[in-house]
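Containing mmCIF, C-alpha atoms and all ligand atoms: input_38.cif.
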data_model
loop_
_atom_site.label_atom_id
_atom_site.label_comp_id
_atom_site.auth_asym_id
_atom_site.auth_seq_id
_atom_site.Cartn_x
_atom_site.Cartn_y
_atom_site.Cartn_z
CA MET G 1287 15.42 -65.64 21.14
CA SER G 1288 18.94 -65.36 22.53
CA PRO G 1289 19.35 -64.81 26.30
CA LEU G 1290 20.75 -61.35 25.56
CA SER G 1291 17.74 -60.24 23.50
CA MET G 1292 15.38 -61.71 26.13
CA PHE G 1293 17.21 -59.72 28.78
CA MET G 1294 17.02 -56.55 26.65
CA CYS G 1295 13.32 -57.14 26.05
CA GLN G 1296 12.65 -57.50 29.80
CA PHE G 1297 14.86 -54.49 30.48
CA TRP G 1298 12.81 -52.24 28.13
CA VAL G 1299 9.51 -53.48 29.58
CA LEU G 1300 10.72 -52.78 33.11
CA LEU G 1301 12.11 -49.37 32.10
CA PHE G 1302 8.85 -48.48 30.39
CA MET G 1303 6.83 -49.46 33.48
CA ALA G 1304 9.16 -47.52 35.78
CA MET G 1305 8.95 -44.42 33.53
CA LYS G 1306 5.15 -44.65 33.47
CA LYS G 1307 5.04 -44.84 37.25
CA PHE G 1308 7.47 -41.95 37.62
CA LEU G 1309 5.54 -39.74 35.18
CA LYS G 1310 2.27 -40.46 36.91
CA ALA G 1311 3.69 -39.81 40.35
CA HIS G 1312 5.83 -36.78 39.65
CA LEU G 1313 4.68 -34.96 36.56
CA LEU G 1314 1.03 -35.57 35.91
CA LEU G 1315 0.10 -34.47 39.41
CA TYR G 1316 0.80 -30.94 38.32
CA ILE G 1317 -1.40 -30.56 35.26
CA ILE G 1318 -2.19 -26.90 34.64
CA GLY G 1319 -5.38 -26.16 32.74
CA ASP G 1320 -4.78 -22.87 30.96
CA LEU G 1321 -8.00 -22.02 29.14
CA SER G 1322 -7.29 -18.28 29.21
CA ASP G 1323 -7.68 -16.02 26.13
CA ASN G 1324 -9.90 -18.44 24.20
CA SER G 1325 -13.15 -16.44 23.80
CA LEU G 1326 -14.96 -19.45 25.29
CA THR G 1327 -18.67 -18.90 25.88
CA ALA G 1328 -21.43 -20.75 27.81
CA PRO G 1329 -21.25 -21.77 31.47
CA VAL G 1330 -18.00 -23.10 32.97
CA PRO G 1331 -18.26 -26.91 32.49
CA LYS G 1332 -18.80 -28.96 35.64
CA PHE G 1333 -16.75 -31.91 34.39
CA LEU G 1334 -13.53 -29.92 34.98
CA ALA G 1335 -13.99 -30.74 38.66
CA ASN G 1336 -13.57 -34.45 37.79
CA LEU G 1337 -10.03 -33.98 36.44
CA GLN G 1338 -8.25 -35.31 39.49
CA LEU G 1339 -4.77 -34.21 38.41
CA LEU G 1340 -5.69 -30.61 37.66
CA THR G 1341 -3.96 -28.26 40.12
CA VAL G 1342 -4.38 -24.85 38.45
CA LEU G 1343 -7.27 -23.86 36.21
CA ASN G 1344 -6.99 -20.50 34.48
CA LEU G 1345 -10.30 -19.35 32.98
CA SER G 1346 -9.25 -15.72 32.52
CA ARG G 1347 -10.25 -13.56 29.57
CA ASN G 1348 -13.03 -15.75 28.18
CA MET G 1349 -16.74 -15.05 27.83
CA PHE G 1350 -18.05 -17.68 30.21
CA ASN G 1351 -21.38 -16.87 31.79
CA GLY G 1352 -22.75 -17.95 35.14
CA SER G 1353 -20.76 -18.58 38.25
CA ILE G 1354 -18.06 -21.18 38.86
CA PRO G 1355 -19.71 -24.61 39.41
CA ALA G 1356 -19.98 -25.64 43.07
CA GLU G 1357 -17.97 -28.81 42.34
CA LEU G 1358 -15.00 -26.72 41.14
CA MET G 1359 -15.28 -24.38 44.09
CA GLU G 1360 -15.13 -27.41 46.36
CA ARG G 1361 -11.89 -28.45 44.68
CA ALA G 1362 -10.51 -24.92 45.09
CA ASN G 1363 -11.38 -24.90 48.77
CA GLN G 1364 -10.12 -28.40 49.49
CA VAL G 1365 -7.85 -28.33 52.50
CA SER G 1366 -6.53 -31.87 52.70
CA SER G 1367 -3.79 -33.03 50.35
CA SER G 1368 -2.51 -30.45 47.90
CA ASP G 1369 -2.78 -32.81 44.90
CA GLN G 1370 -6.55 -33.03 45.36
CA LYS G 1371 -7.19 -29.33 45.06
CA THR G 1372 -7.41 -26.97 42.12
CA ASP G 1373 -6.71 -23.22 42.19
CA VAL G 1374 -9.31 -21.55 40.00
CA VAL G 1375 -8.49 -18.22 38.39
CA ASP G 1376 -11.37 -16.36 36.76
CA SER G 1377 -10.80 -12.84 35.47
CA ARG G 1378 -14.42 -11.75 35.07
CA LYS G 1379 -15.14 -8.46 36.73
CA THR G 1380 -17.79 -8.07 39.41
CA ASN G 1381 -20.22 -6.31 37.09
CA GLN G 1382 -19.96 -9.13 34.53
CA LEU G 1383 -20.95 -11.61 37.20
CA GLN G 1384 -23.92 -9.63 38.37
CA GLY G 1385 -26.20 -10.78 35.55
CA SER G 1386 -25.97 -14.42 36.52
CA SER G 1387 -25.38 -13.99 40.23
CA LYS G 1388 -27.82 -11.27 41.25
CA ASN G 1389 -27.97 -12.69 44.74
CA ARG G 1390 -24.38 -11.56 45.29
CA GLN G 1391 -25.57 -7.97 45.57
CA PHE G 1392 -27.20 -6.98 48.82
CA THR G 1393 -28.96 -3.82 49.89
CA HIS G 1394 -28.02 -1.98 53.06
CA ALA G 1395 -31.34 -3.06 54.58
CA GLN G 1396 -30.48 -6.70 53.92
CA LEU G 1397 -27.09 -6.26 55.59
CA LYS G 1398 -28.80 -4.64 58.53
CA ARG G 1399 -31.05 -7.69 58.92
CA MET G 1400 -28.17 -10.08 58.30
CA THR G 1401 -26.04 -8.52 61.07
CA ASN G 1402 -28.88 -7.89 63.51
CA ASN G 1403 -28.46 -4.15 63.03
CA PHE G 1404 -24.66 -4.35 62.99
CA GLY G 1405 -24.80 -5.63 66.56
CA ARG G 1406 -21.60 -7.69 66.87
CA VAL G 1407 -18.22 -6.27 65.83
CA VAL G 1408 -15.66 -8.95 64.94
CA GLY G 1409 -12.75 -6.75 63.85
CA LYS G 1410 -11.50 -3.49 62.40
CA GLY G 1411 -9.26 -3.02 59.37
CA GLY G 1412 -8.05 -0.34 57.01
CA PHE G 1413 -11.38 -0.21 55.15
CA GLY G 1414 -13.69 -0.19 58.10
CA THR G 1415 -15.44 -2.38 60.65
CA LEU G 1416 -16.39 -6.04 60.30
CA TYR G 1417 -19.63 -7.37 61.76
CA HIS G 1418 -20.85 -10.88 62.43
CA GLY G 1419 -23.93 -11.94 60.52
CA TYR G 1420 -25.98 -14.81 59.10
CA ASP G 1421 -26.81 -15.54 55.49
CA GLU G 1422 -27.84 -19.21 55.78
CA THR G 1423 -24.39 -19.75 57.34
CA GLN G 1424 -22.24 -17.37 59.38
CA VAL G 1425 -20.78 -14.40 57.49
CA ALA G 1426 -18.48 -11.46 58.21
CA VAL G 1427 -19.76 -8.16 56.84
CA LYS G 1428 -17.10 -5.52 56.17
CA MET G 1429 -18.54 -2.00 55.89
CA LEU G 1430 -16.47 0.67 54.20
CA SER G 1431 -16.10 3.55 56.66
CA PRO G 1432 -16.94 7.09 55.38
CA SER G 1433 -13.24 8.02 55.29
CA PRO G 1434 -11.31 4.75 55.07
CA VAL G 1435 -7.57 4.66 55.78
CA GLN G 1436 -7.31 2.66 52.57
CA GLY G 1437 -9.14 4.31 49.70
CA TYR G 1438 -12.24 3.45 47.74
CA LYS G 1439 -10.07 2.24 44.82
CA GLN G 1440 -8.34 -0.35 47.02
CA PHE G 1441 -11.75 -1.45 48.26
CA GLN G 1442 -12.89 -1.98 44.66
CA ALA G 1443 -9.64 -3.82 43.89
CA GLU G 1444 -10.29 -6.17 46.82
CA VAL G 1445 -13.83 -6.87 45.56
CA GLU G 1446 -12.62 -7.61 42.05
CA LEU G 1447 -9.77 -9.79 43.21
CA LEU G 1448 -11.94 -11.85 45.52
CA PHE G 1449 -14.56 -12.47 42.85
CA ARG G 1450 -11.82 -13.44 40.42
CA VAL G 1451 -9.53 -15.62 42.50
CA HIS G 1452 -10.73 -18.56 44.54
CA HIS G 1453 -8.26 -20.16 46.85
CA ARG G 1454 -8.51 -22.21 50.00
CA ASN G 1455 -6.34 -19.65 51.85
CA LEU G 1456 -8.59 -16.72 50.97
CA ALA G 1457 -11.89 -16.06 52.68
CA THR G 1458 -14.57 -16.69 50.08
CA ILE G 1459 -16.60 -13.65 49.16
CA VAL G 1460 -20.34 -14.18 49.49
CA GLY G 1461 -21.50 -10.84 48.09
CA TYR G 1462 -21.24 -7.08 48.23
CA CYS G 1463 -23.33 -4.01 48.90
CA ASP G 1464 -23.15 -0.86 46.79
CA ASP G 1465 -26.17 1.02 48.06
CA GLY G 1466 -25.68 4.77 47.82
CA SER G 1467 -23.13 5.77 50.39
CA ASN G 1468 -23.18 2.30 51.98
CA MET G 1469 -20.56 -0.02 50.63
CA GLY G 1470 -19.89 -3.42 52.11
CA LEU G 1471 -18.36 -6.81 51.49
CA ILE G 1472 -19.74 -10.09 52.77
CA TYR G 1473 -17.30 -12.93 53.43
CA GLU G 1474 -17.59 -16.45 54.76
CA PHE G 1475 -17.00 -16.25 58.49
CA MET G 1476 -13.61 -17.36 59.79
CA ALA G 1477 -14.62 -18.73 63.18
CA LYS G 1478 -11.05 -19.20 64.46
CA GLY G 1479 -10.19 -15.48 64.15
CA ASN G 1480 -7.02 -14.03 62.68
CA LEU G 1481 -3.51 -15.43 62.80
CA ALA G 1482 -2.11 -12.67 65.06
CA GLU G 1483 -4.71 -13.43 67.74
CA TYR G 1484 -4.16 -17.16 67.28
CA LEU G 1485 -0.42 -16.72 67.89
CA LYS G 1486 -0.97 -14.45 70.91
CA ASP G 1487 -3.39 -16.86 72.58
CA SER G 1488 -1.26 -18.63 75.19
CA SER G 1489 -3.98 -21.21 75.92
CA ARG G 1490 -3.38 -22.72 72.47
CA GLY G 1491 0.24 -23.62 73.27
CA VAL G 1492 3.30 -22.86 71.19
CA LEU G 1493 2.96 -23.41 67.45
CA ASN G 1494 5.62 -25.90 66.38
CA TRP G 1495 8.09 -25.23 63.57
CA LYS G 1496 6.29 -27.53 61.14
CA GLY G 1497 3.11 -25.52 61.72
CA ARG G 1498 4.93 -22.18 61.30
CA LEU G 1499 6.60 -23.36 58.10
CA GLY G 1500 3.25 -24.60 56.80
CA ILE G 1501 1.61 -21.19 57.40
CA ALA G 1502 4.54 -19.33 55.79
CA LEU G 1503 4.48 -21.63 52.75
CA GLU G 1504 0.72 -21.34 52.29
CA ALA G 1505 0.91 -17.53 52.50
CA ALA G 1506 3.88 -17.42 50.10
CA HIS G 1507 2.06 -19.71 47.67
CA LYS G 1508 -0.94 -17.42 47.64
CA VAL G 1509 1.16 -14.26 47.17
CA SER G 1510 3.22 -15.82 44.37
CA LYS G 1511 0.04 -16.91 42.58
CA HIS G 1512 -1.39 -13.38 42.77
CA THR G 1513 1.82 -11.86 41.47
CA ALA G 1514 2.05 -14.34 38.60
CA ASP G 1515 -1.57 -13.71 37.74
CA LYS G 1516 -1.26 -9.91 37.45
N1 LIG H 1 -13.97 -13.42 57.14
C1 LIG H 1 -13.76 -13.07 58.39
N2 LIG H 1 -14.29 -13.79 59.41
C2 LIG H 1 -14.07 -13.43 60.69
N3 LIG H 1 -13.34 -12.37 61.07
C3 LIG H 1 -12.79 -11.63 60.11
C4 LIG H 1 -12.96 -11.94 58.73
N4 LIG H 1 -12.28 -11.03 57.99
C5 LIG H 1 -11.72 -10.20 58.88
N5 LIG H 1 -12.01 -10.55 60.15
C6 LIG H 1 -11.57 -9.87 61.38
O1 LIG H 1 -11.58 -8.46 61.17
C7 LIG H 1 -10.26 -7.93 61.26
C8 LIG H 1 -10.05 -6.86 60.23
O2 LIG H 1 -10.09 -7.46 58.96
P1 LIG H 1 -9.80 -6.66 57.63
O3 LIG H 1 -9.83 -7.62 56.50
O4 LIG H 1 -10.67 -5.46 57.53
O5 LIG H 1 -8.44 -6.04 57.91
P2 LIG H 1 -6.98 -6.56 57.80
O6 LIG H 1 -6.83 -7.50 56.66
O7 LIG H 1 -6.60 -7.04 59.14
O8 LIG H 1 -6.27 -5.20 57.49
P3 LIG H 1 -6.44 -4.24 56.25
O9 LIG H 1 -7.88 -4.03 55.95
O10 LIG H 1 -5.82 -3.01 56.78
O11 LIG H 1 -5.71 -4.89 55.13
C9 LIG H 1 -9.33 -9.14 61.09
O12 LIG H 1 -8.12 -8.93 61.74
C10 LIG H 1 -10.14 -10.25 61.70
O13 LIG H 1 -10.01 -10.26 63.11
#

For the structure just supplied, provide its representation as structure tokens.
Amino acid sequence: MSPLSMFMCQFWVLLFMAMKKFLKAHLLLYIIGDLSDNSLTAPVPKFLANLQLLTVLNLSRNMFNGSIPAELMERANQVSSSDQKTDVVDSRKTNQLQGSSKNRQFTHAQLKRMTNNFGRVVGKGGFGTLYHGYDETQVAVKMLSPSPVQGYKQFQAEVELLFRVHHRNLATIVGYCDDGSNMGLIYEFMAKGNLAEYLKDSSRGVLNWKGRLGIALEAAHKVSKHTADK
């Protein structure tokens, strides 16, 4: 083999290895699993959680039954490095989930027990008051007020959205109550309170620019995902 062809041979091997490294590092990290519109049935497979490079998983408009496997939810809620987490989009409506997840629906009496008779208020929003409670872990129970500033339709939209979209920047919904005139939503409890209070609290010190940018980016990411999903 002439020195020139040996050089060319080595060149192609090196180029191939460099390309492989580049693809792995820059492209494959962003694999998007779009399983939407496939009429897929049966439970959502657990092995999807093992696909390390999966960043977005769209399960919308299929006929999956059961809830999203815990392993996948863990990936969706992962807070460390962004390449380890997967955003899971599932378009099933609340009533379609009820069959397999009956424990998501609570009666008013159960909420009363959970919140120790609605004893501790943690906040007030456009839909009504939020109460602290326990359902194995801490929860926040949002009760729809009799005449909410935001209407019943928006309340329903919030329920449907939260059951459909799972994201580490959204409080996970634990369940809901639709018991006569009593309507409520149960969320995981956010122990550190809301961002406005966090920013106002002088004892925490000034949030640096990196932190501010991080919060803005995370919020923008969530909003852009919602908009793209609609
Ligand atoms: N999951 C939660 N854990 C702990 N506190 C919460 C939780 N969700 C809401 N809160 C508290 O209750 C307050 C009201 O929340 P809520 O979601 O009703 O209203 P909002 O998002 O602030 O406004 P709106 O309902 O008008 O959109 C929040 O500002 C926060 O202090």

**Report entry** atom CA of G:Gly1491 to atom O8 of ligand LIG 1 (chain H), distance in Å rounded to a single decimal
**Finding:** 25.1 Å

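The space between atom CA of G:Trp1495 and atom CA of G:Val1408 spans 28.8 Å.
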
Requested in this report: Calculate how many Å separate atom CA of G:Pro1432 from atom CA of G:Thr1415, rounding to one decimal.
Outcome: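 Between these atoms lies a distance of 10.9 Å.
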
Can you build me a table of chain G residues sitting at most 6 Å from ligand LIG 1 (chain H), with the closest atom pair per residue and its distance in Å to one decimal, using all atoms listed in the file, sorted by chain and residue number, as a tab-separated table?
residue	atom	partner	partner_atom	distance
G:Val1408	CA	H:LIG1	C6	5.5
G:Gly1409	CA	H:LIG1	O1	3.4
G:Lys1410	CA	H:LIG1	C8	4.3
G:Gly1411	CA	H:LIG1	O4	3.4
G:Gly1412	CA	H:LIG1	O10	3.5
G:Phe1413	CA	H:LIG1	O9	5.2
G:Leu1416	CA	H:LIG1	O1	5.5
G:Ala1426	CA	H:LIG1	N2	4.9
G:Ala1457	CA	H:LIG1	N1	5.6
G:Tyr1473	CA	H:LIG1	N1	5.0
G:Glu1474	CA	H:LIG1	N1	5.3
G:Phe1475	CA	H:LIG1	N2	3.8
G:Met1476	CA	H:LIG1	N2	3.7
G:Ala1477	CA	H:LIG1	C2	5.9
G:Gly1479	CA	H:LIG1	O13	5.3
G:Asn1480	CA	H:LIG1	O13	4.8

Query raised in the report: Neighbours of G:Glu1357 within 8 Å (all atoms listed in the file; same-chain residues fewer than 2 positions away dropped), as number ranges by chain?
Result: G: 1332, 1335, 1355, 1359-1361

Report task. Counting only C-alpha atoms, figure out which residue out of G:Leu1471, G:Val1342, G:Leu1456, G:Asp1465 gets nearest to G:Phe1441. Result -> G:Leu1471

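Within 10 Å of stretch 1459-1461 of chain G, once only C-alpha atoms are used and residues closer than 2 positions along the same chain are dropped, the contacting residues are G:Thr1380, G:Ser1387, G:Lys1388, G:Asn1389, G:Arg1390, G:Gln1391, G:Phe1392, G:Asp1421, G:Val1425, G:Ala1426, G:Val1427, G:Val1445, G:Leu1447, G:Leu1448, G:Phe1449, G:Arg1450, G:Val1451, G:His1452, G:Leu1456, G:Ala1457, G:Cys1463, G:Gly1470, G:Leu1471, G:Ile1472, G:Tyr1473, G:Glu1474, G:Phe1475.
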
Would you mind exporting C-alpha atoms of the selected residues as a CSV table (one decimal), in the coordinates of the input?
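Contents of selection_5.csv, as written:
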chain,number,residue,atom,x,y,z
G,1380,THR,CA,-17.8,-8.1,39.4
G,1387,SER,CA,-25.4,-14.0,40.2
G,1388,LYS,CA,-27.8,-11.3,41.2
G,1389,ASN,CA,-28.0,-12.7,44.7
G,1390,ARG,CA,-24.4,-11.6,45.3
G,1391,GLN,CA,-25.6,-8.0,45.6
G,1392,PHE,CA,-27.2,-7.0,48.8
G,1421,ASP,CA,-26.8,-15.5,55.5
G,1425,VAL,CA,-20.8,-14.4,57.5
G,1426,ALA,CA,-18.5,-11.5,58.2
G,1427,VAL,CA,-19.8,-8.2,56.8
G,1445,VAL,CA,-13.8,-6.9,45.6
G,1447,LEU,CA,-9.8,-9.8,43.2
G,1448,LEU,CA,-11.9,-11.8,45.5
G,1449,PHE,CA,-14.6,-12.5,42.8
G,1450,ARG,CA,-11.8,-13.4,40.4
G,1451,VAL,CA,-9.5,-15.6,42.5
G,1452,HIS,CA,-10.7,-18.6,44.5
G,1456,LEU,CA,-8.6,-16.7,51.0
G,1457,ALA,CA,-11.9,-16.1,52.7
G,1463,CYS,CA,-23.3,-4.0,48.9
G,1470,GLY,CA,-19.9,-3.4,52.1
G,1471,LEU,CA,-18.4,-6.8,51.5
G,1472,ILE,CA,-19.7,-10.1,52.8
G,1473,TYR,CA,-17.3,-12.9,53.4
G,1474,GLU,CA,-17.6,-16.4,54.8
G,1475,PHE,CA,-17.0,-16.2,58.5

Report summary line: Judged by all atoms listed in the file, the minimum distance to G:Asn1455 among G:Gly1437, G:Gly1419, G:Gly1500, G:Pro1329 is found for G:Gly1500
